[in-house]
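Asker: Would you mind keeping the following structure in view while I ask a few things?
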Amino acid sequence: MAFPDDLLELAHDLANLHRESPHQASLRRAVSTAYYAIFHLLIFEATANWARPELRAILGRCFDRGQMKAASETKVSQINTAFKDNPPESAEKTVAIHLRTVAKAFIQAQNRRNDADYNMVKEWEPFEVDKQIGSVNEAFKTWSLIRDEAVAQAYLVSLLGRK
């Protein structure tokens, strides 16, 4: 099992650690870990394209959370704009819908991780945490359907920065 998959499984385990009497620490760590699962999934997929395996870890450290979120927001906006004209059903439209699911899940996961890690006023409920983990899990499944598509690969490159 790859590291991102391990993180997603760990997020699920943390969310269920104290099911009878949920602990905020476990719920918060589950939300944060779910974010890191999708974060590392996207970096793993992007760096896997690099021909020199010994340099993939160095390339992976070039990704910036803020730039990844901005690129994801741009992609969601582009897809939403393209869908305003209600394009007919097609393979391209299906891929775009899946890519939007992945990009939106990344944005949401990052926002929720920030809340989980820094907003001490918010009390997390198990159903919220389950929903967040489910969203990331869905993004994993969706990504596996489109990972080889040109638009998905271009999205990975865009995560390095806006220019």
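By convention here, the chains of the structure tokens are called A, B, ... in the order presented, each chain's residues are numbered starting at 1, and ligands are numbered starting at 1 in the order presented.
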Taking only C-alpha atoms into account, produce a table as CSV in which each residue of range 8-57 of chain A with an atom at most 7 Å from an atom of range 114-137 of chain A appears once, together with its shortest atom pair and the distance in Å to one decimal, ordered by chain and rising number.
Answerer:
```
residue,atom,partner,partner_atom,distance
A:His12,CA,A:Ile133,CA,6.9
A:Ala15,CA,A:Val129,CA,6.8
A:Gln24,CA,A:Trp124,CA,6.5
A:Leu27,CA,A:Val129,CA,6.5
A:Arg28,CA,A:Ala116,CA,4.8
A:Val31,CA,A:Val129,CA,6.1
A:Ser32,CA,A:Ala116,CA,6.5
A:Ala34,CA,A:Ile133,CA,5.8
A:Ile38,CA,A:Val136,CA,6.5
```
Asker: Enter the distance from CA of Ala150 in chain A to CA of Leu8 in chain A, in Å, rounded to one decimal.
Answerer: 25.8 Å
Asker: Quick one: pull the distance between CA of Ala139 in chain A and CA of Ala2 in chain A, Å, one decimal.
Answerer: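 CA of Ala2 in chain A lies at a distance of 15.6 Å from CA of Ala139 in chain A.
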Asker: Tell me which protein, DNA and RNA residues are within 8 Å of Ile79 in chain A, counting only C-alpha atoms, leaving out same-chain ones fewer than 5 positions away, and put them as an NGL selection string.
Answerer: :A and (96-97 or 100)
Asker: Quick one: everything within 9 Å of Arg65 in chain A, counting only C-alpha atoms, minus sequence neighbours fewer than 3 positions away in the same chain. Send it as an MDAnalysis selection string.
Answerer: chainID A and resid 39 68:70 110 159
Asker: Neighbours of Thr74 in chain A within 12 Å (only C-alpha atoms; same-chain residues fewer than 6 positions away dropped), as an MDAnalysis selection string?
Answerer: chainID A and resid 67:68 80:81 99:100 103:104 107 155 158:159 161:162
Asker: Write the selection just made, keeping N, CA, C and O atoms, as a compact mmCIF listing (two decimals), in the first residue's frame?
Answerer:
```
# COMPACT_ATOMS: atom_id res chain seq x y z
N GLN A 67 0.13 27.22 -3.24
CA GLN A 67 0.08 27.16 -4.70
C GLN A 67 -0.81 26.01 -5.17
O GLN A 67 -1.53 26.14 -6.16
N MET A 68 -0.78 24.91 -4.45
CA MET A 68 -1.64 23.77 -4.81
C MET A 68 -3.11 24.14 -4.65
O MET A 68 -3.94 23.80 -5.50
N ASN A 80 -16.08 24.98 -13.98
CA ASN A 80 -17.41 25.56 -13.77
C ASN A 80 -17.80 26.50 -14.90
O ASN A 80 -18.94 26.50 -15.37
N THR A 81 -16.84 27.30 -15.35
CA THR A 81 -17.09 28.22 -16.47
C THR A 81 -17.42 27.44 -17.74
O THR A 81 -18.36 27.78 -18.47
N LEU A 99 -12.25 15.44 -12.43
CA LEU A 99 -11.14 16.31 -12.02
C LEU A 99 -11.63 17.40 -11.07
O LEU A 99 -10.95 17.71 -10.08
N ARG A 100 -12.80 17.93 -11.33
CA ARG A 100 -13.37 18.94 -10.42
C ARG A 100 -13.60 18.34 -9.04
O ARG A 100 -13.35 18.98 -8.02
N ALA A 103 -10.14 18.25 -7.35
CA ALA A 103 -9.67 19.59 -6.99
C ALA A 103 -10.49 20.18 -5.84
O ALA A 103 -9.93 20.78 -4.91
N LYS A 104 -11.81 20.00 -5.89
CA LYS A 104 -12.66 20.50 -4.80
C LYS A 104 -12.36 19.78 -3.49
O LYS A 104 -12.35 20.40 -2.42
N ILE A 107 -9.21 21.31 -1.99
CA ILE A 107 -9.49 22.63 -1.39
C ILE A 107 -10.21 22.46 -0.04
O ILE A 107 -9.81 23.05 0.97
N TYR A 155 -3.14 19.14 -14.74
CA TYR A 155 -3.51 19.62 -13.40
C TYR A 155 -2.37 19.37 -12.42
O TYR A 155 -2.01 20.26 -11.64
N SER A 158 0.21 21.89 -12.89
CA SER A 158 -0.23 23.22 -12.41
C SER A 158 -0.07 23.37 -10.91
O SER A 158 0.03 24.48 -10.40
N LEU A 159 -0.04 22.26 -10.18
CA LEU A 159 0.09 22.32 -8.72
C LEU A 159 1.43 22.87 -8.27
O LEU A 159 1.58 23.31 -7.15
N GLY A 161 2.76 25.56 -9.42
CA GLY A 161 2.69 27.03 -9.38
C GLY A 161 1.83 27.56 -10.51
O GLY A 161 1.54 26.84 -11.47
N ARG A 162 1.47 28.79 -10.39
CA ARG A 162 0.55 29.40 -11.35
C ARG A 162 1.22 29.76 -12.66
O ARG A 162 0.55 29.95 -13.66
```
Asker: Rank nothing, just name the residue among A:Val102, A:Leu7, A:Ala152, A:Leu145 nearest to Tyr36 in chain A, using only C-alpha atoms.
Answerer: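 Among A:Val102, A:Leu7, A:Ala152, A:Leu145, it is A:Leu7 that comes nearest to Tyr36 in chain A.
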Asker: Quick one: pick out all alpha helix (DSSP H) residues within range 2-155 of chain A from a backbone DSSP run and write them as an MDAnalysis selection string.
Answerer: chainID A and resid 3:15 24:47 56:60 65:83 91:118 126:146 150:155
Asker: Please produce an output containing C-alpha atoms for each residue in the selection, written as an mmCIF file, in the first residue's frame.
Answerer:
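The result, stored in selection-v3.cif:
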```
data_model
loop_
_atom_site.group_PDB
_atom_site.id
_atom_site.type_symbol
_atom_site.label_atom_id
_atom_site.label_comp_id
_atom_site.auth_asym_id
_atom_site.auth_seq_id
_atom_site.Cartn_x
_atom_site.Cartn_y
_atom_site.Cartn_z
ATOM 1 C CA PHE A 3 1.868 6.168 1.691
ATOM 2 C CA PRO A 4 -1.229 8.215 0.676
ATOM 3 C CA ASP A 5 -3.386 5.095 1.051
ATOM 4 C CA ASP A 6 -1.858 4.447 4.472
ATOM 5 C CA LEU A 7 -2.695 8.004 5.523
ATOM 6 C CA LEU A 8 -6.288 7.654 4.379
ATOM 7 C CA GLU A 9 -6.624 4.408 6.311
ATOM 8 C CA LEU A 10 -5.068 6.062 9.367
ATOM 9 C CA ALA A 11 -7.560 8.947 9.116
ATOM 10 C CA HIS A 12 -10.388 6.424 9.199
ATOM 11 C CA ASP A 13 -8.815 4.609 12.164
ATOM 12 C CA LEU A 14 -8.370 7.857 14.100
ATOM 13 C CA ALA A 15 -11.968 8.875 13.458
ATOM 14 C CA GLN A 24 -11.494 16.013 19.916
ATOM 15 C CA ALA A 25 -7.817 15.147 19.508
ATOM 16 C CA SER A 26 -8.623 11.979 17.532
ATOM 17 C CA LEU A 27 -11.264 13.693 15.412
ATOM 18 C CA ARG A 28 -8.979 16.639 14.655
ATOM 19 C CA ARG A 29 -6.062 14.357 13.777
ATOM 20 C CA ALA A 30 -8.372 12.359 11.498
ATOM 21 C CA VAL A 31 -9.351 15.490 9.558
ATOM 22 C CA SER A 32 -5.734 16.609 9.331
ATOM 23 C CA THR A 33 -4.543 13.160 8.281
ATOM 24 C CA ALA A 34 -7.224 12.961 5.567
ATOM 25 C CA TYR A 35 -5.860 16.217 4.152
ATOM 26 C CA TYR A 36 -2.331 14.880 4.134
ATOM 27 C CA ALA A 37 -3.576 11.762 2.367
ATOM 28 C CA ILE A 38 -4.833 13.767 -0.638
ATOM 29 C CA PHE A 39 -1.870 16.157 -0.462
ATOM 30 C CA HIS A 40 0.573 13.257 -0.715
ATOM 31 C CA LEU A 41 -1.532 11.457 -3.326
ATOM 32 C CA LEU A 42 -1.253 14.413 -5.692
ATOM 33 C CA ILE A 43 2.452 14.892 -5.043
ATOM 34 C CA PHE A 44 3.106 11.164 -5.448
ATOM 35 C CA GLU A 45 1.240 11.137 -8.760
ATOM 36 C CA ALA A 46 3.042 14.229 -10.030
ATOM 37 C CA THR A 47 6.518 13.087 -9.057
ATOM 38 C CA ARG A 56 11.462 12.474 -6.952
ATOM 39 C CA ALA A 57 11.683 13.248 -3.236
ATOM 40 C CA ILE A 58 13.457 16.525 -3.976
ATOM 41 C CA LEU A 59 10.832 17.418 -6.582
ATOM 42 C CA GLY A 60 8.094 16.550 -4.104
ATOM 43 C CA ARG A 65 0.269 24.016 -0.153
ATOM 44 C CA GLY A 66 -0.814 27.537 -1.034
ATOM 45 C CA GLN A 67 0.078 27.157 -4.699
ATOM 46 C CA MET A 68 -1.637 23.773 -4.809
ATOM 47 C CA LYS A 69 -4.810 25.278 -3.390
ATOM 48 C CA ALA A 70 -4.672 28.228 -5.805
ATOM 49 C CA ALA A 71 -4.166 25.888 -8.772
ATOM 50 C CA SER A 72 -7.069 23.741 -7.572
ATOM 51 C CA GLU A 73 -9.308 26.794 -7.206
ATOM 52 C CA THR A 74 -8.360 27.885 -10.718
ATOM 53 C CA LYS A 75 -9.140 24.434 -12.114
ATOM 54 C CA VAL A 76 -12.540 24.306 -10.385
ATOM 55 C CA SER A 77 -13.346 27.780 -11.715
ATOM 56 C CA GLN A 78 -12.293 26.841 -15.261
ATOM 57 C CA ILE A 79 -14.430 23.717 -15.223
ATOM 58 C CA ASN A 80 -17.413 25.558 -13.771
ATOM 59 C CA THR A 81 -17.092 28.218 -16.471
ATOM 60 C CA ALA A 82 -16.927 25.553 -19.183
ATOM 61 C CA PHE A 83 -20.064 23.934 -17.776
ATOM 62 C CA ALA A 91 -15.869 11.518 -22.325
ATOM 63 C CA GLU A 92 -14.184 14.916 -21.884
ATOM 64 C CA LYS A 93 -17.061 16.197 -19.761
ATOM 65 C CA THR A 94 -16.935 13.090 -17.574
ATOM 66 C CA VAL A 95 -13.179 13.517 -17.042
ATOM 67 C CA ALA A 96 -13.702 17.203 -16.194
ATOM 68 C CA ILE A 97 -16.383 16.304 -13.639
ATOM 69 C CA HIS A 98 -14.010 13.822 -12.017
ATOM 70 C CA LEU A 99 -11.142 16.312 -12.024
ATOM 71 C CA ARG A 100 -13.369 18.942 -10.423
ATOM 72 C CA THR A 101 -14.228 16.396 -7.711
ATOM 73 C CA VAL A 102 -10.522 15.884 -6.958
ATOM 74 C CA ALA A 103 -9.670 19.595 -6.994
ATOM 75 C CA LYS A 104 -12.663 20.504 -4.800
ATOM 76 C CA ALA A 105 -11.793 17.730 -2.359
ATOM 77 C CA PHE A 106 -8.246 19.078 -2.068
ATOM 78 C CA ILE A 107 -9.488 22.629 -1.390
ATOM 79 C CA GLN A 108 -12.035 21.445 1.150
ATOM 80 C CA ALA A 109 -9.554 19.123 2.870
ATOM 81 C CA GLN A 110 -7.034 21.925 3.225
ATOM 82 C CA ASN A 111 -9.640 24.296 4.659
ATOM 83 C CA ARG A 112 -10.868 21.680 7.103
ATOM 84 C CA ARG A 113 -7.321 20.769 8.121
ATOM 85 C CA ASN A 114 -6.700 24.411 8.991
ATOM 86 C CA ASP A 115 -9.823 24.389 11.149
ATOM 87 C CA ALA A 116 -8.883 21.095 12.772
ATOM 88 C CA ASP A 117 -5.352 22.211 13.545
ATOM 89 C CA TYR A 118 -5.882 25.862 14.486
ATOM 90 C CA PRO A 126 -17.972 12.323 14.251
ATOM 91 C CA PHE A 127 -20.407 12.675 11.334
ATOM 92 C CA GLU A 128 -18.488 15.748 10.066
ATOM 93 C CA VAL A 129 -15.210 13.883 10.255
ATOM 94 C CA ASP A 130 -16.690 10.834 8.521
ATOM 95 C CA LYS A 131 -18.034 13.081 5.757
ATOM 96 C CA GLN A 132 -14.625 14.723 5.293
ATOM 97 C CA ILE A 133 -12.805 11.396 5.140
ATOM 98 C CA GLY A 134 -15.464 10.149 2.718
ATOM 99 C CA SER A 135 -14.855 13.146 0.462
ATOM 100 C CA VAL A 136 -11.133 12.412 0.346
ATOM 101 C CA ASN A 137 -11.813 8.726 -0.202
ATOM 102 C CA GLU A 138 -14.079 9.620 -3.141
ATOM 103 C CA ALA A 139 -11.318 11.827 -4.575
ATOM 104 C CA PHE A 140 -8.911 8.869 -4.396
ATOM 105 C CA LYS A 141 -11.365 6.663 -6.291
ATOM 106 C CA THR A 142 -12.127 9.387 -8.810
ATOM 107 C CA TRP A 143 -8.459 10.111 -9.372
ATOM 108 C CA SER A 144 -7.802 6.469 -10.215
ATOM 109 C CA LEU A 145 -10.304 6.800 -13.086
ATOM 110 C CA ILE A 146 -8.663 9.848 -14.686
ATOM 111 C CA ALA A 150 -3.953 14.617 -20.346
ATOM 112 C CA VAL A 151 -6.069 17.156 -18.444
ATOM 113 C CA ALA A 152 -5.397 15.340 -15.160
ATOM 114 C CA GLN A 153 -1.672 15.286 -15.848
ATOM 115 C CA ALA A 154 -1.754 18.999 -16.713
ATOM 116 C CA TYR A 155 -3.511 19.623 -13.397
#
```
Asker: One number please: CA of Pro87 in chain A to CA of Leu160 in chain A, in Å, one decimal.
Answerer: 29.3 Å
